Amino acid sequence: MRTQVAIIGAGPAGLMLAHLLQRAGVESVVLEIRSRAYVESRVRAGVLEQGTVDLLNDTGLGDRMRREGLVHEGIELGFEGKRHRIDLKALTGHAVTVYAQHELLKDLIEARLRVGGEIIFEATDVSIHGIDGNSPSVTFSKNGVAQELHCDYIAGCDGFHGICRTSIPDGALTAFERVYPFAWLGILADAAPSQGELVYMNHDRGFALFSMRSPTVTRLYLQCDPADDITNWTDERIWDELLLRFRCDNGWKPNMGPITQKSITPMRSLVTEPMQYGKLFLAGDAVHIVPPTGAKGMNLAIADARVLAQGLVDKFQTGSTGLLDRYSEICLRRIWRVQRFSWWMTSMLHRFPDASPFDRRRQMAELEYLAGSEAAARSLAENYVGLPLELL
Ligand code: APR
Ligand code: PHB
């Protein structure tokens, strides 16, 4: 089997890359370890930056998102029993759209299969070869039959636990990492969102986030110990803790309903540099992780795919690798700004186990500054709706 670009992983990075390449006439094959049903139902992030929304619309993927996505023109920050609105639209002219990652993946998979593009689901034993030479390849098994895919380039879009990053020889990459001393316990509840915008809450007992997926589904998170086990959290305990942390002077609280999904996710910041080794290009969670507080993971993965697609298309159309050679540099400049924002939101909103009373007062001062200063609020807003992607 032969293709121009072998893409490992059918997440936002891999599927968006395949979509953009296909539109420019570059062939690719996507290899995914999981089943289509699994990929299409895995509960992940859900906030799209304006630039991501524009890309979906501009490349023919926006129909369902425009119908079902929820446009949010503001977010709220809560502390000391009060909530303060950050008016994203007034401050930046832009908004964000709440649309679940797996819904976007359904749209991407459907669009790819419609044009006859290939996605090999349930590919096992995926392994990459020859990345430092001129004829890279990928071996894998499908239904117990070993296969080999020859290609010009490999795109490692296989997430944090994938095999691409770890196939690069030791010493070629540098990792910059911060692991946080807390995790998020996330739930989906069959309950109508009790208000239209997200609420980020800093409470003495820890962070809590009110979000949503649709007019009938509420998404909620609460900070917990990263070593905690989800079986320690009965539905009753989760609701008690959420209601305590969201308690507000004006009596607002999330609506309750049956919990249909719950899980605990650890939090880290990670950047691995550079994002290329020979014929292998890494994109998305395979090469950087942000804590979820700024809602940036999916948007960063899609931004990588966009830059990589441009470089690859340029190479196949003109023979020049000028753009492709700058892939890592172009992406990393923006990635570090997004890392800074995600770290800052995380630091401002969570309870650190070793925080001193000084740290706590400083956090409150920071939130009060945001609530009272248009300049401070605009800085948050321009990062939240998404920094521009400077392609060239
Ligand atoms: N072979 C083939 N596929 C693999 C392998 C492997 N060895 N290992 C992992 N995969 C697949 C996973 O099953 C997953 O479908 O690669 C895909 C990676 O997708 P994501 O983890 O969604 O990563 P990415 O596309 O970079 O998107 C990042 O996803 O994790 C969220 O919050 C994160 O929103 C962010 C986004
Ligand atoms: C979500 O709805 O999953 C979500 C929203 C905002 C965040 C993180 C996650 O900052």
# chains A, B, ... in the order shown; residues from 1 in each chain; ligands from 1
call {"tool": "residues_near_ligand", "arguments": {"ligand": "ligand 2", "cutoff": "10 Å", "atoms": "only C-alpha atoms and all ligand atoms", "output": "PDB file with C-alpha atoms, in the first residue's frame"}}
result
ATOM      1  CA  VAL A  43     -16.346  12.454  25.794  1.00  0.00           C
ATOM      2  CA  ARG A  44     -13.704  15.170  25.549  1.00  0.00           C
ATOM      3  CA  ALA A  45     -13.534  18.954  25.274  1.00  0.00           C
ATOM      4  CA  GLY A  46     -16.189  21.189  23.825  1.00  0.00           C
ATOM      5  CA  VAL A  47     -15.239  24.835  23.229  1.00  0.00           C
ATOM      6  CA  LEU A  48     -14.258  26.059  19.747  1.00  0.00           C
ATOM      7  CA  ILE A  75     -18.090  33.723  30.317  1.00  0.00           C
ATOM      8  CA  VAL A  98     -19.743  25.130  22.478  1.00  0.00           C
ATOM      9  CA  TYR A  99     -19.749  21.989  20.310  1.00  0.00           C
ATOM     10  CA  ALA A 100     -18.540  18.633  21.658  1.00  0.00           C
ATOM     11  CA  GLN A 101     -15.270  17.297  20.281  1.00  0.00           C
ATOM     12  CA  TRP A 184     -10.714  17.418  37.269  1.00  0.00           C
ATOM     13  CA  GLY A 186     -16.031  15.720  35.077  1.00  0.00           C
ATOM     14  CA  ILE A 187     -19.657  14.688  34.706  1.00  0.00           C
ATOM     15  CA  LEU A 188     -22.358  14.851  32.063  1.00  0.00           C
ATOM     16  CA  LEU A 198     -19.944  28.999  31.381  1.00  0.00           C
ATOM     17  CA  VAL A 199     -19.055  29.715  35.012  1.00  0.00           C
ATOM     18  CA  TYR A 200     -15.450  29.309  36.228  1.00  0.00           C
ATOM     19  CA  LEU A 209     -16.738  24.704  36.227  1.00  0.00           C
ATOM     20  CA  PHE A 210     -20.261  24.910  34.864  1.00  0.00           C
ATOM     21  CA  SER A 211     -20.480  24.093  31.156  1.00  0.00           C
ATOM     22  CA  MET A 212     -22.925  22.446  28.787  1.00  0.00           C
ATOM     23  CA  ARG A 213     -23.226  20.331  25.684  1.00  0.00           C
ATOM     24  CA  THR A 218     -25.077  20.054  31.488  1.00  0.00           C
ATOM     25  CA  ARG A 219     -21.310  19.442  31.772  1.00  0.00           C
ATOM     26  CA  LEU A 220     -19.765  20.058  35.197  1.00  0.00           C
ATOM     27  CA  TYR A 221     -16.283  19.703  36.614  1.00  0.00           C
ATOM     28  CA  PRO A 291      -4.471  21.867  31.304  1.00  0.00           C
ATOM     29  CA  PRO A 292      -8.154  22.092  30.309  1.00  0.00           C
ATOM     30  CA  THR A 293      -8.874  25.354  32.147  1.00  0.00           C
ATOM     31  CA  GLY A 294      -8.526  27.565  29.055  1.00  0.00           C
ATOM     32  CA  ALA A 295     -10.360  25.042  26.792  1.00  0.00           C
ATOM     33  CA  LYS A 296      -7.455  25.096  24.344  1.00  0.00           C
ATOM     34  CA  GLY A 297      -6.480  21.432  23.667  1.00  0.00           C
ATOM     35  CA  SER A 342      -3.779  27.901  30.156  1.00  0.00           C
ATOM     36  CA  MET A 345      -6.116  30.452  34.118  1.00  0.00           C
ATOM     37  CA  THR A 346      -5.282  27.236  35.983  1.00  0.00           C
ATOM     38  CA  TYR A 384     -10.051  32.941  25.366  1.00  0.00           C
TER      39      TYR A 384
END
call {"tool": "residues_near_ligand", "arguments": {"ligand": "ligand 1", "cutoff": "7 Å", "atoms": "only C-alpha atoms and all ligand atoms", "output": "PyMOL selection string"}}
result
chain A and resi 8-14+31-34+39+44-45+101+123-126+157-163+283-286+292+296-299+301
call {"tool": "closest_residue", "arguments": {"among": "A:Val53, A:Ala208, A:Ile330, A:Leu270", "to": "Lys253 of chain A", "atoms": "only C-alpha atoms"}}
result
A:Ala208
call {"tool": "residues_around", "arguments": {"residues": "Leu244 of chain A", "least_positions_apart": "2", "cutoff": "12 Å", "atoms": "only C-alpha atoms", "output": "MDAnalysis selection string"}}
result
chainID A and resid 81 201:208 222 237:242 246:248 251:254
call {"tool": "select_by_dssp", "arguments": {"residues": "segment 175-323 of chain A", "states": "helix (DSSP H, G or I)", "output": "PyMOL selection string"}}
result
chain A and resi 230-232+235-246+284-286+292-294+297-318+322-323
call {"tool": "residues_around", "arguments": {"residues": "Asp107 of chain A", "least_positions_apart": "4", "cutoff": "8 Å", "atoms": "only C-alpha atoms", "output": "list of chain:residue names"}}
result
A:Leu61, A:Arg64, A:Glu103, A:Ala111
call {"tool": "write_last_selection", "arguments": {"atoms": "C-alpha atoms", "output": "PDB file, in the first residue's frame"}}
result
ATOM      1  CA  LEU A  61     -17.630  21.322   7.765  1.00  0.00           C
ATOM      2  CA  ARG A  64     -24.259  20.869  11.852  1.00  0.00           C
ATOM      3  CA  GLU A 103     -19.562  15.717  17.391  1.00  0.00           C
ATOM      4  CA  ALA A 111     -16.844  14.260   5.322  1.00  0.00           C
TER       5      ALA A 111
END
call {"tool": "atom_distance", "arguments": {"atom1": "atom CA of Leu324 of chain A", "atom2": "atom CA of Ile154 of chain A"}}
result
12.7 Å
call {"tool": "residues_around", "arguments": {"residues": "Val96 of chain A", "least_positions_apart": "2", "cutoff": "8 Å", "atoms": "only C-alpha atoms", "output": "compact mmCIF listing (two decimals) with N, CA and C atoms, in the first residue's frame"}}
result
# COMPACT_ATOMS: atom_id res chain seq x y z
N VAL A 47 -15.16 23.40 23.54
CA VAL A 47 -15.24 24.83 23.23
C VAL A 47 -14.37 25.14 22.00
N LEU A 48 -14.99 25.71 20.97
CA LEU A 48 -14.26 26.06 19.75
C LEU A 48 -13.97 27.55 19.72
N GLU A 49 -12.70 27.89 19.49
CA GLU A 49 -12.33 29.29 19.30
C GLU A 49 -12.95 29.79 17.99
N GLN A 50 -13.01 31.12 17.88
CA GLN A 50 -13.55 31.71 16.65
C GLN A 50 -12.78 31.24 15.40
N VAL A 71 -23.49 29.35 20.54
CA VAL A 71 -22.56 30.50 20.48
C VAL A 71 -22.58 31.22 21.83
N HIS A 72 -21.40 31.39 22.42
CA HIS A 72 -21.30 32.05 23.73
C HIS A 72 -20.54 33.37 23.57
N GLU A 73 -21.19 34.45 23.96
CA GLU A 73 -20.56 35.76 23.81
C GLU A 73 -19.90 36.23 25.09
N HIS A 94 -15.39 38.97 19.04
CA HIS A 94 -15.54 37.55 18.72
C HIS A 94 -16.26 36.79 19.84
N VAL A 98 -19.77 26.39 21.73
CA VAL A 98 -19.74 25.13 22.48
C VAL A 98 -20.28 24.02 21.57
N VAL A 385 -10.95 33.77 23.24
CA VAL A 385 -11.57 33.56 21.91
C VAL A 385 -10.55 33.05 20.91
call {"tool": "residues_around", "arguments": {"residues": "Lys106 of chain A", "least_positions_apart": "4", "cutoff": "7 Å", "atoms": "only C-alpha atoms", "output": "PyMOL selection string"}}
result
chain A and resi 40+102+110
call {"tool": "closest_residue", "arguments": {"among": "A:Leu88, A:Val287, A:Ala365, A:Ala95", "to": "Ser379 of chain A", "atoms": "only C-alpha atoms"}}
result
A:Leu88
call {"tool": "select_by_dssp", "arguments": {"residues": "segment 151-271 of chain A", "states": "strand (DSSP E or B)", "output": "VMD selection string"}}
result
chain A and resid 153 to 156 174 to 189 199 to 203 206 to 214 217 to 224 259 to 271
call {"tool": "residues_around", "arguments": {"residues": "Lys82 of chain A", "least_positions_apart": "3", "cutoff": "7 Å", "atoms": "only C-alpha atoms", "output": "mmCIF file with C-alpha atoms, in the first residue's frame"}}
result
data_model
loop_
_atom_site.group_PDB
_atom_site.id
_atom_site.type_symbol
_atom_site.label_atom_id
_atom_site.label_comp_id
_atom_site.auth_asym_id
_atom_site.auth_seq_id
_atom_site.Cartn_x
_atom_site.Cartn_y
_atom_site.Cartn_z
ATOM 1 C CA GLY A 78 -17.078 33.364 40.272
ATOM 2 C CA PHE A 79 -15.407 33.945 43.626
ATOM 3 C CA CYS A 248 -23.835 32.252 45.075
ATOM 4 C CA ASP A 249 -25.336 35.235 46.857
#
call {"tool": "atom_distance", "arguments": {"atom1": "atom CA of Glu148 of chain A", "atom2": "atom CA of Met16 of chain A"}}
result
23.3 Å
call {"tool": "closest_residue", "arguments": {"among": "A:Ala303, A:Lys315, A:Glu366, A:Trp344", "to": "Gly51 of chain A", "atoms": "only C-alpha atoms"}}
result
A:Ala303
call {"tool": "atom_distance", "arguments": {"atom1": "atom CA of Leu55 of chain A", "atom2": "atom CA of Val271 of chain A"}}
result
24.3 Å
call {"tool": "closest_residue", "arguments": {"among": "A:Cys164, A:Cys331, A:Ala18, A:Ile131", "to": "Gly116 of chain A", "atoms": "only C-alpha atoms"}}
result
A:Ala18
call {"tool": "decode", "arguments": {"residues": "segment 48-59 of chain A", "atoms": "all heavy atoms", "output": "mmCIF file, in the first residue's frame"}}
result
data_model
loop_
_atom_site.group_PDB
_atom_site.id
_atom_site.type_symbol
_atom_site.label_atom_id
_atom_site.label_comp_id
_atom_site.auth_asym_id
_atom_site.auth_seq_id
_atom_site.Cartn_x
_atom_site.Cartn_y
_atom_site.Cartn_z
ATOM 1 N N LEU A 48 -14.990 25.711 20.973
ATOM 2 C CA LEU A 48 -14.258 26.059 19.747
ATOM 3 C C LEU A 48 -13.969 27.555 19.715
ATOM 4 O O LEU A 48 -14.885 28.368 19.865
ATOM 5 C CB LEU A 48 -15.085 25.706 18.506
ATOM 6 C CG LEU A 48 -15.594 24.270 18.370
ATOM 7 C CD1 LEU A 48 -16.361 24.103 17.057
ATOM 8 C CD2 LEU A 48 -14.435 23.287 18.414
ATOM 9 N N GLU A 49 -12.700 27.886 19.493
ATOM 10 C CA GLU A 49 -12.330 29.295 19.298
ATOM 11 C C GLU A 49 -12.947 29.794 17.988
ATOM 12 O O GLU A 49 -13.235 29.006 17.093
ATOM 13 C CB GLU A 49 -10.804 29.424 19.157
ATOM 14 C CG GLU A 49 -10.017 29.089 20.388
ATOM 15 C CD GLU A 49 -8.502 29.148 20.122
ATOM 16 O OE1 GLU A 49 -8.093 29.251 18.948
ATOM 17 O OE2 GLU A 49 -7.747 29.080 21.102
ATOM 18 N N GLN A 50 -13.011 31.118 17.877
ATOM 19 C CA GLN A 50 -13.550 31.714 16.646
ATOM 20 C C GLN A 50 -12.777 31.235 15.402
ATOM 21 O O GLN A 50 -13.381 30.917 14.374
ATOM 22 C CB GLN A 50 -13.459 33.239 16.752
ATOM 23 C CG GLN A 50 -14.085 33.971 15.598
ATOM 24 C CD GLN A 50 -15.604 33.961 15.665
ATOM 25 O OE1 GLN A 50 -16.178 34.303 16.692
ATOM 26 N NE2 GLN A 50 -16.238 33.549 14.584
ATOM 27 N N GLY A 51 -11.459 31.150 15.494
ATOM 28 C CA GLY A 51 -10.639 30.743 14.344
ATOM 29 C C GLY A 51 -10.936 29.309 13.926
ATOM 30 O O GLY A 51 -10.905 28.969 12.739
ATOM 31 N N THR A 52 -11.220 28.441 14.916
ATOM 32 C CA THR A 52 -11.569 27.050 14.613
ATOM 33 C C THR A 52 -12.930 27.007 13.920
ATOM 34 O O THR A 52 -13.115 26.299 12.923
ATOM 35 C CB THR A 52 -11.593 26.223 15.920
ATOM 36 O OG1 THR A 52 -10.342 26.389 16.582
ATOM 37 C CG2 THR A 52 -11.835 24.759 15.648
ATOM 38 N N VAL A 53 -13.870 27.788 14.433
ATOM 39 C CA VAL A 53 -15.208 27.867 13.826
ATOM 40 C C VAL A 53 -15.083 28.356 12.378
ATOM 41 O O VAL A 53 -15.684 27.780 11.456
ATOM 42 C CB VAL A 53 -16.106 28.828 14.647
ATOM 43 C CG1 VAL A 53 -17.384 29.179 13.904
ATOM 44 C CG2 VAL A 53 -16.420 28.216 16.009
ATOM 45 N N ASP A 54 -14.283 29.393 12.162
ATOM 46 C CA ASP A 54 -14.117 29.936 10.805
ATOM 47 C C ASP A 54 -13.531 28.875 9.871
ATOM 48 O O ASP A 54 -13.964 28.737 8.729
ATOM 49 C CB ASP A 54 -13.195 31.173 10.819
ATOM 50 C CG ASP A 54 -13.832 32.344 11.574
ATOM 51 O OD1 ASP A 54 -15.057 32.315 11.798
ATOM 52 O OD2 ASP A 54 -13.085 33.282 11.945
ATOM 53 N N LEU A 55 -12.550 28.124 10.369
ATOM 54 C CA LEU A 55 -11.928 27.090 9.532
ATOM 55 C C LEU A 55 -12.957 26.027 9.144
ATOM 56 O O LEU A 55 -13.009 25.586 7.991
ATOM 57 C CB LEU A 55 -10.752 26.438 10.283
ATOM 58 C CG LEU A 55 -10.033 25.329 9.524
ATOM 59 C CD1 LEU A 55 -9.275 25.890 8.316
ATOM 60 C CD2 LEU A 55 -9.056 24.578 10.436
ATOM 61 N N LEU A 56 -13.785 25.611 10.107
ATOM 62 C CA LEU A 56 -14.804 24.602 9.805
ATOM 63 C C LEU A 56 -15.766 25.140 8.747
ATOM 64 O O LEU A 56 -16.077 24.452 7.774
ATOM 65 C CB LEU A 56 -15.577 24.209 11.068
ATOM 66 C CG LEU A 56 -14.744 23.603 12.208
ATOM 67 C CD1 LEU A 56 -15.626 23.211 13.380
ATOM 68 C CD2 LEU A 56 -13.976 22.385 11.725
ATOM 69 N N ASN A 57 -16.209 26.361 8.927
ATOM 70 C CA ASN A 57 -17.135 26.958 7.953
ATOM 71 C C ASN A 57 -16.483 27.083 6.577
ATOM 72 O O ASN A 57 -17.088 26.744 5.560
ATOM 73 C CB ASN A 57 -17.612 28.331 8.436
ATOM 74 C CG ASN A 57 -18.675 28.195 9.522
ATOM 75 O OD1 ASN A 57 -19.472 27.257 9.510
ATOM 76 N ND2 ASN A 57 -18.683 29.125 10.455
ATOM 77 N N ASP A 58 -15.235 27.547 6.563
ATOM 78 C CA ASP A 58 -14.566 27.795 5.272
ATOM 79 C C ASP A 58 -14.249 26.513 4.516
ATOM 80 O O ASP A 58 -13.976 26.550 3.321
ATOM 81 C CB ASP A 58 -13.239 28.556 5.493
ATOM 82 C CG ASP A 58 -13.481 29.965 6.016
ATOM 83 O OD1 ASP A 58 -14.636 30.416 5.967
ATOM 84 O OD2 ASP A 58 -12.508 30.587 6.490
ATOM 85 N N THR A 59 -14.201 25.376 5.225
ATOM 86 C CA THR A 59 -13.823 24.142 4.533
ATOM 87 C C THR A 59 -14.995 23.151 4.466
ATOM 88 O O THR A 59 -14.794 21.941 4.378
ATOM 89 C CB THR A 59 -12.592 23.460 5.196
ATOM 90 O OG1 THR A 59 -12.943 23.103 6.542
ATOM 91 C CG2 THR A 59 -11.388 24.392 5.223
#
